[in-house]
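Worksheet for the structure shown next.
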Amino acid sequence: MKPILSVRGLTKSFGRRVACRDVAFELWPGEVLGIVGESGSGKTTLLNCLAGRLTPDAGSVDYDSAAYGPIDVHGLSEARRRFLSRTEWGFVNQDARDGLRMGVSAGANIGERLMAVGARHYGEIRHTASEWLGRVEIEQDRLDDRPTTYSGGMRQRLQIARNLVSNPRLVFMDEPTGGLDVSVQARILDLLRSLVQTLHLSAVLVTHDLGVARLLTHRLMVMQGGRVVEDGLTDQVLDDPQHAYTQMLVASILPV
Amino acid sequence: MYVAVKGGETAIAHSLELLADKRRGERSVPELSLEQIDQQLSLAVDRVMTEGSCYDRSLAALAIKQARGDLIEAIFLLRAYRTTLPRFGNSLPIDTSTMVVERRISATFKDIPGGQVLGPTFDYTHRLLDFSLAAASERPPAPTGEVDDMQALPRVGDILERGGLLEPPPQGGTSEDLTRQPLTLPAARPLRLQNLARGDEGFLLALGYSTQRGYGNNHPFVGEIRYGHVAVSFVPEELGFAIEIADIEITECDMVNQFAGSHDVPPQFTRGYGLAFGHAERKAIAMALVDRALRAQELSETVSSPAQDEEFVLAHSDNVEASGFVQHLKLPHYVDFQSELVTVRALREEVEERNRRAAEGGAALDQAAE
Amino acid sequence: MPDSNSQAGAYNYAYLDEQTKRMIRRAILKAVAVPGYQVPFGGREMPLPYGWGTGGIQVTAAIIGRDDTLKVIDQGADDTTNAVSIRHFFAKVADVATTTSTEQATIIQTRHRVPETPLREGQIIVFQVPIPEPLRMLEPRETETRTLHALAEYGVMQVSLYESIARHGRIAKTYNYPVMVNGRYIMSPSPIPKFDNPKLDRSPALQLYGAGREKRIYAVPPYTPVKSLDFDDHPFEVERWDECCALCGSRESFLDEVIVDDAGQRMFVCSDTDWCERRR
């Protein structure tokens with residue numbers, strides 16, 4: 001079995017500020033990797049470099065694609081990278097508005113990836129979109145409503161459906177439950193966990209919330225000041241942190 | 001019996017005659033001469049030359065007369081004429097530091113070498129209608145002092161730049177010309193400036209104003225405004241050296257804006273630039289404000305307001321394009337409208353049909369329930 | 001300043017100077033080589049305003065010659081004011097024969113209609129185009145639409161058609177109906193009613209499209225497939241009327257609705273005046 005993602009020496013700076021330095025890891029099919037750290041630790045920059053949204057200053061990101069075989073994400077043409085983003089990859093933004101078309105219906109939002117690769121049967125597209133609404137626990141009679149009429153939690157579910165409709169192999173998630181109500185968060189986390197399992201997704205998940213990490217991820221990387229200071233199986237890292245920074249993070253979770 | 005409307009040709013001919021008649025107005029009133037327009041409505045002539053992109057006072061005056069005072073129509077006339085003119089080449093860039101100045105002021109310093117030369121301007125007038133202008137009067141020429149042709153007034157911008165306080169002006173020109181090639185985005189600054197110089201004064205005024213009210217404020221100060229004559233020089237192939245071919249009046253505005261810099265890079269004030277034919281300070285200042293706003297990305301500022309949106313500003317600044325497209329709505333669109341009518345009627349029928357069936361279904365249920 | 005008598009002799013044949021005509025022809029050749037692709041060109045100010053057909057006029061001026069016969073129509077009619085104005089312009093500056101007969105024309109410049117009489121090989125139809133970019137209303141940025149065309153990323157267009165069906169039960173686009181040209185580029189056929197779209201598909205004539213204000217030229221060479229976008233289960237359909245033309249009885253042509261009295265009484269007549277007259 002080959003890793004689905006291989007990262008080496010990934011470094012990215014903005015002017016004099018080094019956002020992430022020398023990051024290296026492998027992601028295996030079906031694995032969910034968490035990247036945790038405080039804001040400013042470089043985790044979102046790292047995620048954007050992995051997903052091809054930012055170009056790193058050094059290092060490489062290799063992805064084992066279904067369409068093109070093993071490829072270097074940053075060596076790929078823009079056309080192919082955009083194609084991968086619409087088919088084999090998903091990207092769940094913290095703010096659902098960044099990942100949705102707010103001006104068109106939920107059905108159109110979900111159906112877009114299908115239409116982008118040639119789906120031309122309105123009834124079938126609508127049917128698939130409707131099924132996905134069900135899978136993300138949104139009432140199917142909301143299919144023709146625009147996301148502007150949805151609550152924050154519903155928008156996030158819609159964003160998830162919009163990404164998963166193309167059966168992606170790899171999903172990037174940037175604080176997928178950030179900014180949502182605690183109870184809403186819990187339900188979406190449950191949804192994500194079951195979808196990841198049933199669909200055998202691989203995922204890279206960025207979060208500052210260790211509870212989210214524990215619930216969703218198999219492995220964890222802890223970032224501080226742009227560097228990975230600790231990594232390992234999620235339960236091990238959270239139950240028996242070795243690095244002082246990780247210990248501080250774990251200790252600062254308020255006991256409920 | 002309906003007869004298809006014909007006679008469009010005759011109707012057009014009559015319309016043109018009526019227009020010519022309106023243009024002349026009451027025959028008892030003396031006809032305007034081009035000299036009168038050039039001399040006594042000179043600011044209108046200046047604007048038409050600037051936005052018409054053609055420096056020729058009598059052509060602009062003719063355009064204004066033909067357009068009955070509608071300046072955008074006059075600008076269109078001048079542009080259309082310009083299209084037909086042969087081009088010999090490009091002049092050398094004009095050197096405004098050699099300008100024979102009629103007016104030159106700075107808001108950044110109380111006094112500057114060469115002084116604040118007030119010149120002719122509305123700025124110090126009280127806006128009270130002067131009824132004495134209703135009648136012709138003999139006005140003796142204003143007394144003037146000696147003009148020192150050789151006195152080059154140092155630019156405030158140069159003075160600030162020498163101290164390292166102001167960024168140097170951008171280097172290098174461009175051979176791109178919007179009157180020959182379509183605008184491509186992103187546009188380099190020289191092309192943006194060409195677009196703005198030809199751009200509608202009202203549009204730039206509103207955008208510049210918006211920056212001052214917070215839509216992308218860049219802390220502007222008028223470093224210098226100068227208005228006067230400069231020579232235009234050209235190097236003919238046959239001669240191989242420069243000769244002066246014309247003397248033109250221009251207004252130039254150097255804006256000093258928000259300083260840029262950081263922890264390690266010493267801050268400097270940044271520049272905005274405006275230029276217009278004739279005496280046109282409002283245009284030059286507005287243009288400088290918008291020029292600076294459009295540099296937001298280059299200067300790593302957040303792009304958030306319309307004046308900073310290059311595509312929005314440059315695509316909509318040309319009033320000849322805008323006027324054409326806006327007014328084209330007057331042209332017949334009845335075929336397209338017919339398509340819409342057919343569809344809207346069909347959709348309405350479908351909705352009414354659905355509602356009718358829903359009501360019948362409801363009535364049937366009621367019946368069944370009884 | 002040129003003296004007032006020198007108007008007539010002051011302009012080149014067909015108004016534009018030869019350099020400009022050459023520049024436009026180069027753009028036309030590029031356009032023909034890549035069917036449906038919008039070629040930027042250095043459009044000039046013309047004596048008619050932007051929005052009045054300056055793009056079509058520049059294309060026609062670049063290709064017209066003394067042995068051409070020119071027909072100009074607007075809304076399908078030869079004698080609407082705009083068509084009259086343009087026809088006169090060319091009669092004056094190009095010293096060319098003009099006609100109202102579709103069959104006799106070698107060049108047909110048109111605004112908002114395709115003639116009902118089928119075009120034949122050797123004819124050129126020049127369309128006046130206001131907004132050449134078919135994606136413009138979905139994506140206002142030129143920098144983005146350029147990329148979408150380059151990568152053939154047309155999902156956003158299909159999404160808008162889906163949305164129309166979701167909202168109205170059908171694709172409610174009636175004119176300027178988007179088409180796929182030669183299986184590669186989505187193109188705006190100009191604001192012709194969708195009724196006319198089928199005439200573009202594999203037409204024996206050369207189709208040229210000129211947008212003066214937006215400074216784009218595009219083309220569809222003869223016999224090129226032009227397919228109106230739709231869904232398999234919501235196929236493309238043209239407009240239909242219950243009535244026929246009150247003047248010639250035609251049931252096959254696009255009909256204009258004319259209000260004949262205060263009570264809103266209406267009658268329908270052929271939009272294509274040449275077609276209608278021939279049948280009577």
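We name chains A, B, ... following the order of the structure tokens; residues begin at 1 in each chain, and ligands are numbered from 1 as shown.
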Taking a cut-off of 12 Å and counting only C-alpha atoms, can you build a table that, for each residue of chain C near chain A, reports the nearest atom pair and how far apart they are in Å (one decimal), sorted by chain then residue number, as CSV?
residue,atom,partner,partner_atom,distance
C:Leu138,CA,A:Gly103,CA,10.2
C:Glu139,CA,A:Arg101,CA,11.8
C:Thr147,CA,A:Ala79,CA,9.3
C:Leu148,CA,A:Ala79,CA,9.7
C:His149,CA,A:Ala79,CA,11.1
C:Ala150,CA,A:Ala79,CA,8.7
C:Leu151,CA,A:Ala79,CA,5.9
C:Ala152,CA,A:Ala79,CA,9.2
C:Glu153,CA,A:Ala116,CA,6.9
C:Tyr154,CA,A:Ala116,CA,6.5
C:Gly155,CA,A:Ala116,CA,4.1
C:Val156,CA,A:Glu112,CA,7.4
C:Met157,CA,A:Ala116,CA,9.3
C:Gln158,CA,A:Met115,CA,6.4
C:Val159,CA,A:Ala108,CA,5.8
C:Ser160,CA,A:Val104,CA,8.0
C:Leu161,CA,A:Ala108,CA,9.4
C:Tyr162,CA,A:Ala108,CA,6.5
C:Glu163,CA,A:Ala108,CA,6.3
C:Ser164,CA,A:Val104,CA,9.8
C:Ile165,CA,A:Tyr122,CA,8.4
C:Ala166,CA,A:Asp144,CA,6.5
C:Arg167,CA,A:Asp144,CA,7.7
C:His168,CA,A:Asp144,CA,11.1
C:Gly169,CA,A:Tyr122,CA,10.9
C:Arg170,CA,A:Tyr122,CA,10.5
C:Ile171,CA,A:Tyr122,CA,11.0
C:Leu229,CA,A:Arg120,CA,9.7
C:Asp230,CA,A:Arg120,CA,7.6
C:Phe231,CA,A:Arg120,CA,4.9
C:Asp232,CA,A:His121,CA,5.0
C:Asp233,CA,A:His121,CA,5.7
C:His234,CA,A:Tyr122,CA,7.2
C:Pro235,CA,A:His121,CA,9.8
For the selection just defined, write its residues with C-alpha atoms to a file, as a tab-separated table (two decimals), in the first residue's frame.
chain	number	residue	atom	x	y	z
C	138	LEU	CA	-22.47	34.70	-13.69
C	139	GLU	CA	-18.93	36.00	-13.17
C	147	THR	CA	-9.43	31.33	-17.13
C	148	LEU	CA	-12.72	29.44	-17.20
C	149	HIS	CA	-12.69	29.43	-21.01
C	150	ALA	CA	-9.04	28.44	-21.16
C	151	LEU	CA	-9.65	25.45	-18.87
C	152	ALA	CA	-13.10	24.68	-20.33
C	153	GLU	CA	-14.48	24.95	-16.80
C	154	TYR	CA	-18.10	25.50	-17.64
C	155	GLY	CA	-19.74	24.08	-14.52
C	156	VAL	CA	-20.96	27.52	-13.52
C	157	MET	CA	-22.99	27.83	-16.73
C	158	GLN	CA	-24.64	24.44	-16.28
C	159	VAL	CA	-25.38	25.43	-12.67
C	160	SER	CA	-27.25	28.50	-13.86
C	161	LEU	CA	-29.38	26.37	-16.19
C	162	TYR	CA	-30.10	23.91	-13.36
C	163	GLU	CA	-31.13	26.82	-11.17
C	164	SER	CA	-33.49	28.10	-13.84
C	165	ILE	CA	-35.26	24.74	-13.99
C	166	ALA	CA	-35.40	24.53	-10.19
C	167	ARG	CA	-36.99	27.97	-10.04
C	168	HIS	CA	-39.25	28.02	-13.11
C	169	GLY	CA	-39.65	24.41	-14.10
C	170	ARG	CA	-37.84	25.05	-17.36
C	171	ILE	CA	-34.75	26.82	-18.72
C	229	LEU	CA	-26.93	24.07	-23.91
C	230	ASP	CA	-29.55	22.03	-22.09
C	231	PHE	CA	-30.16	18.94	-20.00
C	232	ASP	CA	-30.96	15.49	-21.41
C	233	ASP	CA	-34.36	15.56	-19.71
C	234	HIS	CA	-34.97	19.26	-20.41
C	235	PRO	CA	-33.96	19.54	-24.04
Checklist entry - Got a sec to tell me which of region 186-318 of chain B DSSP assigns to helix (DSSP H, G or I), as a PyMOL selection string? => result chain B and resi 189-198+201-212+281-294+306-308+310-316
For N, CA and C atoms, I'd like the residues from the last selection saved as a short mmCIF file (atom, residue, chain, number, x, y, z; two decimals), in the first residue's frame.
data_model
loop_
_atom_site.label_atom_id
_atom_site.label_comp_id
_atom_site.auth_asym_id
_atom_site.auth_seq_id
_atom_site.Cartn_x
_atom_site.Cartn_y
_atom_site.Cartn_z
N ARG B 189 0.78 50.18 -14.35
CA ARG B 189 0.39 51.53 -13.95
C ARG B 189 0.33 52.53 -15.11
N PRO B 190 1.28 52.53 -16.05
CA PRO B 190 1.19 53.49 -17.15
C PRO B 190 -0.12 53.35 -17.93
N LEU B 191 -0.56 52.11 -18.13
CA LEU B 191 -1.80 51.90 -18.89
C LEU B 191 -3.00 52.38 -18.06
N ARG B 192 -2.95 52.16 -16.74
CA ARG B 192 -4.01 52.63 -15.87
C ARG B 192 -4.10 54.15 -15.95
N LEU B 193 -2.95 54.80 -15.93
CA LEU B 193 -2.95 56.26 -15.96
C LEU B 193 -3.52 56.76 -17.28
N GLN B 194 -3.23 56.08 -18.37
CA GLN B 194 -3.81 56.49 -19.64
C GLN B 194 -5.34 56.38 -19.59
N ASN B 195 -5.78 55.27 -19.04
CA ASN B 195 -7.23 55.05 -18.91
C ASN B 195 -7.87 56.14 -18.05
N LEU B 196 -7.22 56.48 -16.94
CA LEU B 196 -7.79 57.49 -16.05
C LEU B 196 -7.76 58.88 -16.68
N ALA B 197 -6.70 59.19 -17.43
CA ALA B 197 -6.61 60.51 -18.05
C ALA B 197 -7.76 60.72 -19.03
N ARG B 198 -8.13 59.67 -19.73
CA ARG B 198 -9.24 59.73 -20.69
C ARG B 198 -10.58 59.54 -20.00
N GLU B 201 -14.65 62.64 -15.86
CA GLU B 201 -14.30 63.42 -14.68
C GLU B 201 -15.27 63.12 -13.53
N GLY B 202 -16.55 63.00 -13.84
CA GLY B 202 -17.55 62.75 -12.79
C GLY B 202 -17.33 61.42 -12.10
N PHE B 203 -17.01 60.41 -12.90
CA PHE B 203 -16.78 59.08 -12.34
C PHE B 203 -15.58 59.10 -11.42
N LEU B 204 -14.46 59.71 -11.88
CA LEU B 204 -13.25 59.75 -11.07
C LEU B 204 -13.46 60.61 -9.83
N LEU B 205 -14.23 61.67 -9.99
CA LEU B 205 -14.52 62.54 -8.87
C LEU B 205 -15.23 61.76 -7.76
N ALA B 206 -16.26 60.99 -8.15
CA ALA B 206 -17.01 60.21 -7.16
C ALA B 206 -16.12 59.17 -6.50
N LEU B 207 -15.31 58.49 -7.29
CA LEU B 207 -14.43 57.46 -6.71
C LEU B 207 -13.40 58.08 -5.79
N GLY B 208 -12.80 59.20 -6.23
CA GLY B 208 -11.81 59.87 -5.39
C GLY B 208 -12.44 60.31 -4.09
N TYR B 209 -13.62 60.88 -4.20
CA TYR B 209 -14.37 61.32 -3.03
C TYR B 209 -14.61 60.15 -2.07
N SER B 210 -14.95 59.00 -2.65
CA SER B 210 -15.26 57.84 -1.80
C SER B 210 -14.03 57.43 -0.99
N THR B 211 -12.83 57.57 -1.57
CA THR B 211 -11.64 57.20 -0.79
C THR B 211 -11.49 58.13 0.41
N GLN B 212 -11.82 59.40 0.20
CA GLN B 212 -11.67 60.35 1.31
C GLN B 212 -12.65 60.06 2.43
N GLU B 281 -8.11 71.23 -12.46
CA GLU B 281 -7.56 70.76 -11.19
C GLU B 281 -8.42 69.68 -10.57
N ARG B 282 -9.73 69.84 -10.66
CA ARG B 282 -10.62 68.83 -10.07
C ARG B 282 -10.30 67.47 -10.67
N LYS B 283 -10.16 67.44 -12.00
CA LYS B 283 -9.85 66.18 -12.69
C LYS B 283 -8.51 65.62 -12.26
N ALA B 284 -7.50 66.51 -12.20
CA ALA B 284 -6.16 66.04 -11.88
C ALA B 284 -6.10 65.47 -10.46
N ILE B 285 -6.76 66.14 -9.52
CA ILE B 285 -6.74 65.67 -8.14
C ILE B 285 -7.50 64.35 -8.02
N ALA B 286 -8.69 64.30 -8.62
CA ALA B 286 -9.49 63.06 -8.56
C ALA B 286 -8.70 61.91 -9.17
N MET B 287 -8.07 62.19 -10.29
CA MET B 287 -7.29 61.14 -10.96
C MET B 287 -6.15 60.66 -10.07
N ALA B 288 -5.50 61.59 -9.37
CA ALA B 288 -4.41 61.20 -8.48
C ALA B 288 -4.91 60.33 -7.33
N LEU B 289 -6.08 60.66 -6.81
CA LEU B 289 -6.65 59.86 -5.72
C LEU B 289 -6.94 58.44 -6.19
N VAL B 290 -7.51 58.34 -7.38
CA VAL B 290 -7.85 57.01 -7.89
C VAL B 290 -6.59 56.24 -8.29
N ASP B 291 -5.63 56.94 -8.86
CA ASP B 291 -4.36 56.29 -9.21
C ASP B 291 -3.76 55.65 -7.97
N ARG B 292 -3.73 56.42 -6.88
CA ARG B 292 -3.14 55.89 -5.65
C ARG B 292 -3.97 54.72 -5.11
N ALA B 293 -5.27 54.83 -5.19
CA ALA B 293 -6.14 53.75 -4.71
C ALA B 293 -5.88 52.46 -5.48
N LEU B 294 -5.66 52.59 -6.77
CA LEU B 294 -5.44 51.40 -7.60
C LEU B 294 -4.07 50.77 -7.35
N PRO B 306 -14.50 50.02 -3.99
CA PRO B 306 -14.62 50.14 -5.44
C PRO B 306 -13.46 50.89 -6.09
N ALA B 307 -12.97 51.96 -5.45
CA ALA B 307 -11.90 52.74 -6.07
C ALA B 307 -10.61 51.93 -6.18
N GLN B 308 -10.49 50.87 -5.39
CA GLN B 308 -9.27 50.06 -5.42
C GLN B 308 -9.39 48.86 -6.36
N GLU B 310 -9.37 47.40 -9.63
CA GLU B 310 -8.85 47.78 -10.94
C GLU B 310 -9.83 47.46 -12.06
N GLU B 311 -10.36 46.26 -12.04
CA GLU B 311 -11.25 45.88 -13.13
C GLU B 311 -12.48 46.76 -13.14
N PHE B 312 -13.05 47.03 -11.96
CA PHE B 312 -14.25 47.85 -11.89
C PHE B 312 -13.98 49.25 -12.40
N VAL B 313 -12.89 49.87 -11.92
CA VAL B 313 -12.60 51.26 -12.28
C VAL B 313 -12.27 51.39 -13.76
N LEU B 314 -11.34 50.57 -14.25
CA LEU B 314 -10.86 50.76 -15.62
C LEU B 314 -11.92 50.37 -16.65
N ALA B 315 -12.78 49.43 -16.31
CA ALA B 315 -13.79 49.00 -17.29
C ALA B 315 -14.91 50.01 -17.42
N HIS B 316 -15.09 50.89 -16.42
CA HIS B 316 -16.26 51.77 -16.45
C HIS B 316 -15.93 53.26 -16.51
#
Next on the checklist: Could you go through region 77-254 of chain C and tell me which residues DSSP, when run on the backbone, assigns to strand (DSSP E), listing them as an MDAnalysis selection string?
Outcome noted: chainID C and resid 97:98 107:111 124:128 179:181 185:187 206:211 216:220 226:228
Checklist outcome for this item: In terms of only C-alpha atoms, the residue from A:Gly15, A:Leu215, A:Leu47, A:Val229 at minimal distance from chain B is A:Gly15
Next on the checklist: Counting only C-alpha atoms, a student should be able to say which residues of chain B come within 12 Å of chain A; what is the right answer, written as a PyMOL selection string?
Outcome noted: chain B and resi 262-265+300
Okay, now the selection with C-alpha atoms, as an mmCIF file, in the first residue's frame?
data_model
loop_
_atom_site.group_PDB
_atom_site.id
_atom_site.type_symbol
_atom_site.label_atom_id
_atom_site.label_comp_id
_atom_site.auth_asym_id
_atom_site.auth_seq_id
_atom_site.Cartn_x
_atom_site.Cartn_y
_atom_site.Cartn_z
ATOM 1 C CA SER B 262 7.733 48.378 8.110
ATOM 2 C CA HIS B 263 9.899 47.381 10.960
ATOM 3 C CA ASP B 264 12.955 47.084 8.745
ATOM 4 C CA VAL B 265 12.052 49.210 5.740
ATOM 5 C CA SER B 300 0.278 45.436 0.039
#
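Of the residues under consideration (C:Val32, C:Leu206, C:Ala263, C:Met46), C:Leu206 shows the shortest atom-to-atom contact distance to Ile108 (chain C) when counting only C-alpha atoms.
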